[in-house]
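Raw data-v6.cif, mmCIF, C-alpha atoms:
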```cif
data_data
#
loop_
_atom_site.label_atom_id
_atom_site.label_comp_id
_atom_site.auth_asym_id
_atom_site.auth_seq_id
_atom_site.Cartn_x
_atom_site.Cartn_y
_atom_site.Cartn_z
CA MET A 1 -55.79 21.40 -33.08
CA ALA A 2 -59.18 20.40 -31.67
CA VAL A 3 -60.32 24.02 -31.87
CA GLU A 4 -58.96 24.50 -35.38
CA TYR A 5 -60.44 21.34 -36.89
CA LEU A 6 -63.46 20.46 -34.73
CA LYS A 7 -65.04 23.64 -33.34
CA GLY A 8 -68.27 24.29 -35.20
CA ALA A 9 -67.79 21.20 -37.37
CA GLU A 10 -69.51 17.86 -37.51
CA PRO A 11 -67.81 15.13 -35.46
CA TYR A 12 -64.90 13.43 -37.23
CA VAL A 13 -65.85 9.74 -37.19
CA ILE A 14 -63.00 7.28 -36.66
CA ILE A 15 -65.05 4.11 -36.11
CA ASP A 16 -68.74 4.47 -36.94
CA ASN A 17 -71.02 4.28 -33.87
CA PHE A 18 -68.05 3.78 -31.55
CA PHE A 19 -65.28 6.39 -31.69
CA GLN A 20 -65.12 9.96 -32.97
CA PHE A 21 -63.53 13.36 -32.37
CA ARG A 22 -66.03 16.04 -31.35
CA PHE A 23 -65.40 19.52 -29.91
CA VAL A 24 -66.72 19.92 -26.35
CA LEU A 25 -65.97 22.88 -24.11
CA ASN A 26 -66.09 21.54 -20.55
CA PRO A 27 -66.23 24.19 -17.82
CA GLY A 28 -66.39 21.44 -15.18
CA ALA A 29 -64.12 18.62 -14.12
CA ALA A 30 -64.33 14.91 -14.96
CA PHE A 31 -67.81 13.93 -16.15
CA GLY A 32 -68.79 17.61 -16.10
CA PHE A 33 -68.53 17.80 -12.29
CA LEU A 34 -69.46 21.34 -11.17
CA ALA A 35 -70.05 22.44 -14.78
CA ALA A 36 -73.36 24.09 -13.84
CA THR A 37 -71.85 25.89 -10.85
CA GLU A 38 -71.45 29.66 -11.03
CA GLU A 39 -68.20 30.62 -12.77
CA GLY A 40 -67.25 32.97 -9.91
CA PHE A 41 -66.89 29.89 -7.69
CA ARG A 42 -65.95 27.24 -10.25
CA GLN A 43 -62.98 28.96 -11.89
CA PRO A 44 -61.10 29.92 -8.68
CA PHE A 45 -61.91 26.50 -7.20
CA PHE A 46 -60.46 24.53 -10.12
CA LEU A 47 -57.45 26.81 -10.48
CA SER A 48 -56.68 26.50 -6.75
CA VAL A 49 -57.20 22.75 -6.46
CA THR A 50 -55.22 22.03 -9.62
CA SER A 51 -52.38 24.34 -8.61
CA LEU A 52 -52.18 22.75 -5.15
CA ALA A 53 -52.15 19.27 -6.71
CA ILE A 54 -49.34 20.29 -9.09
CA VAL A 55 -47.24 21.70 -6.24
CA PHE A 56 -47.89 18.61 -4.09
CA ILE A 57 -47.00 16.15 -6.87
CA GLY A 58 -43.90 18.18 -7.74
CA TYR A 59 -42.84 18.08 -4.09
CA MET A 60 -43.45 14.32 -3.93
CA LEU A 61 -41.31 13.77 -7.01
CA LEU A 62 -38.46 15.83 -5.59
CA ALA A 63 -38.69 14.22 -2.15
CA MET A 64 -38.81 10.60 -3.38
CA LYS A 65 -35.73 8.58 -2.76
CA GLU A 66 -36.69 4.93 -2.67
CA GLU A 67 -39.84 4.84 -4.76
CA THR A 68 -39.99 2.68 -7.86
CA ILE A 69 -39.58 3.98 -11.37
CA LEU A 70 -43.21 3.02 -11.96
CA MET A 71 -44.38 5.29 -9.13
CA LYS A 72 -42.26 8.16 -10.44
CA LEU A 73 -43.59 7.62 -13.95
CA SER A 74 -47.18 7.56 -12.71
CA LEU A 75 -46.70 10.84 -10.83
CA CYS A 76 -45.10 12.45 -13.89
CA LEU A 77 -48.06 11.39 -16.02
CA ILE A 78 -50.58 12.75 -13.50
CA LEU A 79 -48.57 15.97 -13.20
CA SER A 80 -48.35 16.51 -16.95
CA GLY A 81 -52.08 15.91 -17.43
CA ALA A 82 -52.92 18.33 -14.63
CA ILE A 83 -50.65 20.98 -16.16
CA GLY A 84 -52.28 20.49 -19.57
CA ASN A 85 -55.78 20.96 -18.19
CA LEU A 86 -54.63 23.92 -16.08
CA ILE A 87 -53.31 25.67 -19.19
CA ASP A 88 -56.76 25.35 -20.80
CA ARG A 89 -58.47 26.66 -17.66
CA ILE A 90 -56.18 29.69 -17.53
CA ARG A 91 -56.53 30.43 -21.27
CA ILE A 92 -60.25 29.83 -21.84
CA LYS A 93 -61.77 29.13 -18.38
CA ALA A 94 -62.69 25.59 -19.47
CA VAL A 95 -61.09 22.41 -20.74
CA ILE A 96 -61.32 21.38 -24.39
CA ASP A 97 -62.48 17.78 -24.62
CA PHE A 98 -62.66 16.05 -27.99
CA ILE A 99 -62.40 12.27 -27.64
CA ASP A 100 -65.90 10.86 -27.88
CA VAL A 101 -66.63 7.18 -27.25
CA ILE A 102 -70.06 5.85 -28.15
CA TYR A 103 -71.21 2.69 -26.44
CA TYR A 104 -74.53 0.89 -25.89
CA ASN A 105 -77.46 2.16 -28.03
CA GLY A 106 -75.71 5.35 -29.12
CA ALA A 107 -75.01 6.54 -25.57
CA HIS A 108 -71.86 8.63 -25.26
CA TRP A 109 -69.21 8.31 -22.58
CA PRO A 110 -68.42 11.86 -21.37
CA ALA A 111 -65.97 13.45 -23.80
CA PHE A 112 -62.37 13.69 -22.62
CA ASN A 113 -58.95 14.83 -23.84
CA ILE A 114 -55.37 13.60 -23.93
CA ALA A 115 -54.54 15.21 -20.57
CA ASP A 116 -57.42 13.27 -18.97
CA SER A 117 -56.14 10.06 -20.59
CA VAL A 118 -52.61 10.66 -19.30
CA ILE A 119 -53.94 11.27 -15.78
CA THR A 120 -55.96 8.05 -15.96
CA VAL A 121 -52.97 6.00 -17.15
CA GLY A 122 -50.90 7.55 -14.33
CA VAL A 123 -53.49 6.60 -11.70
CA VAL A 124 -53.72 3.03 -13.04
CA LEU A 125 -49.92 2.67 -13.00
CA MET A 126 -49.82 4.07 -9.48
CA GLY A 127 -52.40 1.50 -8.41
CA LEU A 128 -50.35 -1.30 -9.96
CA ASP A 129 -47.21 -0.04 -8.24
CA ILE A 130 -48.99 0.03 -4.87
CA ILE A 131 -50.42 -3.47 -5.38
CA PHE A 132 -47.05 -4.96 -6.41
CA LYS A 133 -45.27 -3.18 -3.59
CA HIS A 134 -47.82 -4.44 -1.06
CA LYS A 135 -47.55 -7.98 -2.37
CA ASN A 136 -43.74 -7.80 -2.22
CA GLU A 137 -43.87 -6.62 1.40
CA LYS A 138 -46.12 -9.57 2.24
CA GLY A 139 -43.89 -11.97 0.29
CA ILE A 140 -46.80 -13.03 -1.91
CA THR A 141 -45.11 -12.58 -5.27
CA ASP A 142 -41.79 -11.92 -6.89
CA ALA A 143 -43.10 -8.93 -8.88
CA PRO A 144 -40.29 -6.64 -10.01
CA ASP A 145 -39.51 -3.61 -7.88
CA SER A 146 -39.46 -1.40 -10.94
CA ILE A 147 -40.31 -1.58 -14.60
#
```

Once more with this new file: its structure as structure tokens, please.
Amino acid sequence: MAVEYLKGAEPYVIIDNFFQFRFVLNPGAAFGFLAATEEGFRQPFFLSVTSLAIVFIGYMLLAMKEETILMKLSLCLILSGAIGNLIDRIRIKAVIDFIDVIYYNGAHWPAFNIADSVITVGVVLMGLDIIFKHKNEKGITDAPDSI
């Protein structure tokens, strides 16, 4: 949908001077990491690293027995975001970003997409799960074992 409605068009403003949808083709990773690197290196690198991460997370999910529901959910979110970005990389050798947040004095946070957001939520939930689990092991809190 981002390609159909945003490519070649003016940004679609949601909240003036704060939030808009804008088509960005990102050949790099988060924050444009390695975007300027030669495609002959960049493309195989991202395809390999992402594929290995997907296999590893899939293995972790299958091997888990006593992990919390929150940890399983966080891994599923990270996995689904990685798969989404991998599909873009295979199809068009880049990732389509379209969520554009404007902050102080018109500066833009690097554009991102839904897959990036899902990965971020998964990492935050994983961090919370680790913190609560650590506190439970130390007897510091009565945080629930799962949500």

### Task
Tell me, as a PyMOL selection string, which residues lie within 12 Å of A:Lys72, counting only C-alpha atoms; anything in the same chain fewer than 3 positions away does not count.
chain A and resi 57-69+75-79+122-123+125-126+129-130+146-147

### Task
Name the residues captured by the PyMOL selection byres ((chain A and resi 89-92) around 10) when it is applied to the shown file; answer as a count of residues only.
19

Let me know the centre plus edge lengths, in Å and rounded to one decimal, of a box with edges along x, y and z that contains all listed atoms of stretch 36-45 of chain A and is padded by 8 Å on every side, as AutoDock Vina command-line options.
```
--center_x -67.2 --center_y 28.5 --center_z -10.5 --size_x 28.3 --size_y 24.9 --size_z 22.6
```

### Task
Could you check which of A:Ile131, A:Met1, A:Ala107, A:Ile54 is closest to A:Phe23, using only C-alpha atoms?
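Using only C-alpha atoms, the shortest distance to A:Phe23 belongs to A:Met1.
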
### Task
Can you work out the spacing between atom CA of A:Ala29 and atom CA of A:Val13 in Å, to one decimal?
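Those two atoms sit 24.8 Å apart.
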
Please write as a compact mmCIF listing (two decimals) with C-alpha atoms, in the frame of the given file the full residue list that the PyMOL selection byres ((chain A and resi 17) around 10) yields on this file.
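Dumped to part_15.txt:
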```txt
# COMPACT_ATOMS: atom_id res chain seq x y z
CA VAL A 13 -65.85 9.74 -37.19
CA ILE A 14 -63.00 7.28 -36.66
CA ILE A 15 -65.05 4.11 -36.11
CA ASP A 16 -68.74 4.47 -36.94
CA PHE A 18 -68.05 3.78 -31.55
CA PHE A 19 -65.28 6.39 -31.69
CA GLN A 20 -65.12 9.96 -32.97
CA VAL A 101 -66.63 7.18 -27.25
CA ILE A 102 -70.06 5.85 -28.15
CA TYR A 103 -71.21 2.69 -26.44
CA TYR A 104 -74.53 0.89 -25.89
CA ASN A 105 -77.46 2.16 -28.03
CA GLY A 106 -75.71 5.35 -29.12
CA ALA A 107 -75.01 6.54 -25.57
CA HIS A 108 -71.86 8.63 -25.26
```

The residues within 12 Å of (-62.5, 25.1, -31.5), using all atoms listed in the file and the coordinates of the file, should be reported as a short mmCIF file (atom, residue, chain, number, x, y, z; two decimals) with C-alpha atoms, in the frame of the given file; which are they?
```cif
data_model
loop_
_atom_site.label_atom_id
_atom_site.label_comp_id
_atom_site.auth_asym_id
_atom_site.auth_seq_id
_atom_site.Cartn_x
_atom_site.Cartn_y
_atom_site.Cartn_z
CA MET A 1 -55.79 21.40 -33.08
CA ALA A 2 -59.18 20.40 -31.67
CA VAL A 3 -60.32 24.02 -31.87
CA GLU A 4 -58.96 24.50 -35.38
CA TYR A 5 -60.44 21.34 -36.89
CA LEU A 6 -63.46 20.46 -34.73
CA LYS A 7 -65.04 23.64 -33.34
CA GLY A 8 -68.27 24.29 -35.20
CA ALA A 9 -67.79 21.20 -37.37
CA GLU A 10 -69.51 17.86 -37.51
CA PRO A 11 -67.81 15.13 -35.46
CA PHE A 21 -63.53 13.36 -32.37
CA ARG A 22 -66.03 16.04 -31.35
CA PHE A 23 -65.40 19.52 -29.91
CA VAL A 24 -66.72 19.92 -26.35
CA LEU A 25 -65.97 22.88 -24.11
CA ILE A 92 -60.25 29.83 -21.84
CA VAL A 95 -61.09 22.41 -20.74
CA ILE A 96 -61.32 21.38 -24.39
CA ASP A 97 -62.48 17.78 -24.62
CA PHE A 98 -62.66 16.05 -27.99
#
```

#### Entry: Nearest to A:Ser80, chosen from A:Val121, A:Ala115, A:Leu128, A:Ala36, with only C-alpha atoms counted in the distances
A:Ala115

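Note that atom CA of A:Leu73 and atom CA of A:Phe132 are 15.1 Å apart.
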
### Task
Report the distance between atom CA of A:Ile119 and atom CA of A:Gly81 in Å, rounded to one decimal place.
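Value for the atom CA of A:Ile119-atom CA of A:Gly81 distance: 5.3 Å.
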
#### Entry: Selected residue, from A:Ala82, A:Ile99, A:Pro110, A:Lys133, that lies nearest to A:Phe56 when counting only C-alpha atoms
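Counting only C-alpha atoms, the residue closest to A:Phe56 is A:Ala82.
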
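Across A:Ala30, A:Met71, A:Asp100, A:Leu52, the tightest approach to A:Tyr12 is made by A:Asp100 when counting all atoms listed in the file.
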
N, CA and C atoms restored at stretch 45-71 of chain A, emitted as a PDB file, in the frame of the given file:
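Generated file (rebuild_17.pdb):
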```pdb
ATOM      1  N   PHE A  45     -61.995  27.813  -7.847  1.00  0.00           N
ATOM      2  CA  PHE A  45     -61.910  26.500  -7.200  1.00  0.00           C
ATOM      3  C   PHE A  45     -61.004  25.565  -7.994  1.00  0.00           C
ATOM      4  N   PHE A  46     -61.265  25.431  -9.302  1.00  0.00           N
ATOM      5  CA  PHE A  46     -60.460  24.530 -10.120  1.00  0.00           C
ATOM      6  C   PHE A  46     -59.021  25.006 -10.251  1.00  0.00           C
ATOM      7  N   LEU A  47     -58.818  26.298 -10.388  1.00  0.00           N
ATOM      8  CA  LEU A  47     -57.450  26.810 -10.480  1.00  0.00           C
ATOM      9  C   LEU A  47     -56.682  26.533  -9.184  1.00  0.00           C
ATOM     10  N   SER A  48     -57.331  26.725  -8.042  1.00  0.00           N
ATOM     11  CA  SER A  48     -56.680  26.500  -6.750  1.00  0.00           C
ATOM     12  C   SER A  48     -56.378  25.026  -6.518  1.00  0.00           C
ATOM     13  N   VAL A  49     -57.385  24.188  -6.706  1.00  0.00           N
ATOM     14  CA  VAL A  49     -57.200  22.750  -6.460  1.00  0.00           C
ATOM     15  C   VAL A  49     -56.142  22.170  -7.388  1.00  0.00           C
ATOM     16  N   THR A  50     -56.203  22.547  -8.663  1.00  0.00           N
ATOM     17  CA  THR A  50     -55.220  22.030  -9.620  1.00  0.00           C
ATOM     18  C   THR A  50     -53.816  22.523  -9.294  1.00  0.00           C
ATOM     19  N   SER A  51     -53.694  23.794  -8.952  1.00  0.00           N
ATOM     20  CA  SER A  51     -52.380  24.340  -8.610  1.00  0.00           C
ATOM     21  C   SER A  51     -51.804  23.661  -7.371  1.00  0.00           C
ATOM     22  N   LEU A  52     -52.644  23.458  -6.359  1.00  0.00           N
ATOM     23  CA  LEU A  52     -52.180  22.750  -5.150  1.00  0.00           C
ATOM     24  C   LEU A  52     -51.745  21.325  -5.479  1.00  0.00           C
ATOM     25  N   ALA A  53     -52.507  20.641  -6.333  1.00  0.00           N
ATOM     26  CA  ALA A  53     -52.150  19.270  -6.710  1.00  0.00           C
ATOM     27  C   ALA A  53     -50.813  19.253  -7.457  1.00  0.00           C
ATOM     28  N   ILE A  54     -50.601  20.220  -8.336  1.00  0.00           N
ATOM     29  CA  ILE A  54     -49.340  20.290  -9.090  1.00  0.00           C
ATOM     30  C   ILE A  54     -48.164  20.519  -8.146  1.00  0.00           C
ATOM     31  N   VAL A  55     -48.316  21.424  -7.204  1.00  0.00           N
ATOM     32  CA  VAL A  55     -47.240  21.700  -6.240  1.00  0.00           C
ATOM     33  C   VAL A  55     -46.981  20.451  -5.387  1.00  0.00           C
ATOM     34  N   PHE A  56     -48.038  19.800  -4.927  1.00  0.00           N
ATOM     35  CA  PHE A  56     -47.890  18.610  -4.090  1.00  0.00           C
ATOM     36  C   PHE A  56     -47.195  17.479  -4.853  1.00  0.00           C
ATOM     37  N   ILE A  57     -47.626  17.225  -6.077  1.00  0.00           N
ATOM     38  CA  ILE A  57     -47.000  16.150  -6.870  1.00  0.00           C
ATOM     39  C   ILE A  57     -45.554  16.497  -7.179  1.00  0.00           C
ATOM     40  N   GLY A  58     -45.286  17.756  -7.498  1.00  0.00           N
ATOM     41  CA  GLY A  58     -43.900  18.180  -7.740  1.00  0.00           C
ATOM     42  C   GLY A  58     -43.036  17.952  -6.511  1.00  0.00           C
ATOM     43  N   TYR A  59     -43.569  18.305  -5.340  1.00  0.00           N
ATOM     44  CA  TYR A  59     -42.840  18.080  -4.090  1.00  0.00           C
ATOM     45  C   TYR A  59     -42.578  16.586  -3.874  1.00  0.00           C
ATOM     46  N   MET A  60     -43.618  15.769  -4.113  1.00  0.00           N
ATOM     47  CA  MET A  60     -43.450  14.320  -3.930  1.00  0.00           C
ATOM     48  C   MET A  60     -42.349  13.782  -4.843  1.00  0.00           C
ATOM     49  N   LEU A  61     -42.332  14.235  -6.076  1.00  0.00           N
ATOM     50  CA  LEU A  61     -41.310  13.770  -7.010  1.00  0.00           C
ATOM     51  C   LEU A  61     -39.904  14.160  -6.558  1.00  0.00           C
ATOM     52  N   LEU A  62     -39.762  15.374  -6.052  1.00  0.00           N
ATOM     53  CA  LEU A  62     -38.460  15.830  -5.590  1.00  0.00           C
ATOM     54  C   LEU A  62     -38.026  15.140  -4.287  1.00  0.00           C
ATOM     55  N   ALA A  63     -38.997  14.814  -3.450  1.00  0.00           N
ATOM     56  CA  ALA A  63     -38.690  14.220  -2.150  1.00  0.00           C
ATOM     57  C   ALA A  63     -38.478  12.709  -2.210  1.00  0.00           C
ATOM     58  N   MET A  64     -38.915  12.059  -3.272  1.00  0.00           N
ATOM     59  CA  MET A  64     -38.810  10.600  -3.380  1.00  0.00           C
ATOM     60  C   MET A  64     -37.368  10.154  -3.459  1.00  0.00           C
ATOM     61  N   LYS A  65     -37.069   9.145  -2.709  1.00  0.00           N
ATOM     62  CA  LYS A  65     -35.730   8.580  -2.760  1.00  0.00           C
ATOM     63  C   LYS A  65     -35.775   7.095  -3.114  1.00  0.00           C
ATOM     64  N   GLU A  66     -36.682   6.380  -2.496  1.00  0.00           N
ATOM     65  CA  GLU A  66     -36.690   4.930  -2.670  1.00  0.00           C
ATOM     66  C   GLU A  66     -37.925   4.416  -3.410  1.00  0.00           C
ATOM     67  N   GLU A  67     -38.664   5.299  -4.026  1.00  0.00           N
ATOM     68  CA  GLU A  67     -39.840   4.840  -4.760  1.00  0.00           C
ATOM     69  C   GLU A  67     -39.405   4.180  -6.069  1.00  0.00           C
ATOM     70  N   THR A  68     -40.301   3.378  -6.621  1.00  0.00           N
ATOM     71  CA  THR A  68     -39.990   2.680  -7.860  1.00  0.00           C
ATOM     72  C   THR A  68     -40.080   3.633  -9.051  1.00  0.00           C
ATOM     73  N   ILE A  69     -39.490   3.207 -10.120  1.00  0.00           N
ATOM     74  CA  ILE A  69     -39.580   3.980 -11.370  1.00  0.00           C
ATOM     75  C   ILE A  69     -41.036   4.078 -11.803  1.00  0.00           C
ATOM     76  N   LEU A  70     -41.797   3.016 -11.586  1.00  0.00           N
ATOM     77  CA  LEU A  70     -43.210   3.020 -11.960  1.00  0.00           C
ATOM     78  C   LEU A  70     -43.977   4.096 -11.199  1.00  0.00           C
ATOM     79  N   MET A  71     -43.704   4.258  -9.921  1.00  0.00           N
ATOM     80  CA  MET A  71     -44.380   5.290  -9.130  1.00  0.00           C
ATOM     81  C   MET A  71     -43.977   6.678  -9.630  1.00  0.00           C
TER      82      MET A  71
END
```
